[in-house]
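Structure data (mmCIF, C-alpha atoms) from entry.cif:
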data_protein
#
loop_
_atom_site.label_atom_id
_atom_site.label_comp_id
_atom_site.auth_asym_id
_atom_site.auth_seq_id
_atom_site.Cartn_x
_atom_site.Cartn_y
_atom_site.Cartn_z
CA MET A 1 -1.24 2.30 17.90
CA SER A 2 -1.62 1.90 14.17
CA ILE A 3 0.76 2.79 11.35
CA THR A 4 -1.84 5.33 10.16
CA ASP A 5 -1.50 7.15 13.49
CA ILE A 6 1.98 8.12 12.26
CA LEU A 7 1.76 8.01 8.46
CA SER A 8 -0.88 9.34 6.10
CA PRO A 9 -3.11 6.62 4.61
CA SER A 10 -2.93 8.36 1.22
CA ASP A 11 0.89 8.40 1.34
CA ILE A 12 0.93 4.70 2.25
CA ALA A 13 -1.45 3.93 -0.62
CA ALA A 14 0.72 5.90 -3.06
CA ALA A 15 3.87 4.08 -1.92
CA LEU A 16 2.20 0.68 -2.27
CA ARG A 17 0.93 1.56 -5.76
CA ASP A 18 4.46 2.52 -6.73
CA CYS A 19 5.81 -0.96 -5.95
CA GLN A 20 2.94 -3.26 -6.96
CA ALA A 21 4.97 -5.17 -9.54
CA PRO A 22 7.35 -7.85 -8.27
CA ASP A 23 10.96 -6.62 -7.98
CA SER A 24 9.88 -2.96 -8.18
CA PHE A 25 10.30 -2.20 -4.45
CA SER A 26 12.87 0.45 -3.58
CA HIS A 27 13.20 0.98 0.16
CA LYS A 28 14.52 4.53 -0.36
CA LYS A 29 11.60 5.50 -2.58
CA PHE A 30 9.08 3.78 -0.28
CA PHE A 31 10.41 5.65 2.76
CA GLN A 32 10.31 8.91 0.82
CA ILE A 33 6.74 8.48 -0.49
CA THR A 34 5.33 7.34 2.86
CA GLY A 35 7.14 10.13 4.70
CA ILE A 36 9.02 7.76 7.00
CA SER A 37 12.31 9.40 6.05
CA LYS A 38 11.06 12.71 7.49
CA LYS A 39 9.85 11.35 10.83
CA SER A 40 11.50 11.96 14.20
CA ASN A 41 13.60 9.28 15.90
CA SER A 42 10.73 8.64 18.31
CA GLN A 43 8.26 8.15 15.45
CA ILE A 44 10.70 5.87 13.62
CA LYS A 45 11.00 3.73 16.77
CA ASP A 46 7.19 3.55 16.96
CA ILE A 47 7.01 2.50 13.30
CA PHE A 48 9.74 -0.06 13.90
CA ARG A 49 7.78 -1.61 16.79
CA LEU A 50 4.75 -1.91 14.50
CA LEU A 51 6.85 -3.60 11.80
CA ASP A 52 8.53 -5.98 14.26
CA ASN A 53 5.82 -8.63 14.04
CA ASP A 54 7.20 -10.96 16.74
CA GLN A 55 8.25 -8.06 19.00
CA SER A 56 11.78 -9.47 19.31
CA GLY A 57 13.37 -6.04 18.97
CA PHE A 58 14.61 -6.97 15.51
CA ILE A 59 13.18 -7.39 12.03
CA GLU A 60 14.55 -10.64 10.66
CA GLU A 61 14.61 -11.74 7.02
CA ASP A 62 11.49 -13.90 7.38
CA GLU A 63 9.57 -10.89 8.78
CA LEU A 64 10.97 -8.53 6.17
CA LYS A 65 9.29 -10.32 3.27
CA TYR A 66 5.94 -9.27 4.85
CA PHE A 67 7.09 -5.63 5.10
CA LEU A 68 4.47 -4.22 2.69
CA GLN A 69 1.68 -6.19 4.38
CA ARG A 70 2.44 -4.40 7.65
CA PHE A 71 1.24 -1.26 5.87
CA GLU A 72 -1.79 -2.87 4.20
CA CYS A 73 -2.90 -6.45 4.74
CA GLY A 74 -3.64 -7.06 1.05
CA ALA A 75 -0.25 -5.87 -0.17
CA ARG A 76 2.12 -8.25 -1.91
CA LEU A 77 5.08 -10.01 -0.33
CA LEU A 78 8.55 -8.76 -1.10
CA THR A 79 10.41 -11.05 -3.47
CA THR A 80 13.49 -12.90 -2.24
CA SER A 81 15.68 -10.47 -4.17
CA GLU A 82 13.92 -7.41 -2.70
CA THR A 83 14.12 -8.86 0.80
CA LYS A 84 17.85 -9.60 0.52
CA THR A 85 18.59 -6.16 -0.96
CA PHE A 86 16.59 -4.41 1.78
CA LEU A 87 18.25 -6.46 4.52
CA ALA A 88 21.74 -5.89 3.13
CA ALA A 89 21.14 -2.13 3.05
CA ALA A 90 19.74 -1.89 6.60
CA ASP A 91 21.75 -4.56 8.46
CA HIS A 92 24.66 -2.41 9.63
CA ASP A 93 26.33 -5.03 11.84
CA GLY A 94 25.90 -8.05 9.56
CA ASP A 95 23.90 -10.15 12.03
CA GLY A 96 21.10 -10.88 9.54
CA LYS A 97 18.51 -8.68 11.22
CA ILE A 98 17.57 -5.03 11.57
CA GLY A 99 17.38 -3.37 14.98
CA ALA A 100 15.61 -0.12 15.79
CA GLU A 101 18.92 1.76 16.03
CA GLY A 102 20.00 0.30 12.69
CA MET A 103 16.73 1.45 11.17
CA MET A 104 17.33 5.00 12.35
CA LEU A 105 20.89 4.97 10.95
CA PHE A 106 19.52 3.53 7.72
CA LEU A 107 17.06 6.40 7.34
CA CYS A 108 19.57 9.17 8.07
#
Taking this structure as input, can you express it in the form of structure tokens?
Amino acid sequence: MSITDILSPSDIAAALRDCQAPDSFSHKKFFQITGISKKSNSQIKDIFRLLDNDQSGFIEEDELKYFLQRFECGARLLTTSETKTFLAAADHDGDGKIGAEGMMLFLC
């Protein structure tokens, strides 16, 4: 499965264009533009599995900086500030990582 099996390539491209500049990434806006925020729980879990690079069941801080590259290999890395902001917003239990259930809560 590929991310483009779930999300429109044109929506992904638009979201990546919107956050090209360092420190311009907004997870809320990115999820809105890509359409992730409108997906079903099942689709969100599928997207999560694609984003979980090491397949640990969690997205850790070191994986999160590559978030945009999971959508397009040539995309930029998230800055340290963007990564920490994103993690703080999505890490509901404070363990320093994002689980699939936390991602669904985050998007609701």
Assuming the chain letters and numbering stay as they are in my file, what does the PyMOL selection byres ((chain A and resi 91-100) around 12) actually select? List them as a VMD selection string. chain A and resid 41 to 52 55 to 64 83 to 90 101 to 107
What's the separation between CA of Thr80 (chain A) and CA of Asp23 (chain A), in Å to one decimal place? 8.9 Å
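The interatomic distance for the pair CA of Ser37 (chain A) and CA of Tyr66 (chain A) works out to 19.8 Å.
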Name every residue that the PyMOL selection byres ((chain A and resi 33) around 9) selects in this structure, writing the answer as a PyMOL selection string with chains first and numbers rising. chain A and resi 11-12+14-15+18+28-32+34-37
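Residue nearest Thr79 (chain A), chosen from A:Leu16, A:Ala21, A:Leu7, A:Met1 and counting all atoms listed in the file: A:Ala21.
Between CA of Lys39 (chain A) and CA of Gln20 (chain A) lies a distance of 24.0 Å.
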Box dimensions and centre (Å, one decimal) enclosing region 40-45 of chain A, axis-aligned, 5 Å extra per side, as JSON:
{"center_x": 10.9, "center_y": 7.8, "center_z": 16.0, "size_x": 15.3, "size_y": 18.2, "size_z": 14.7}
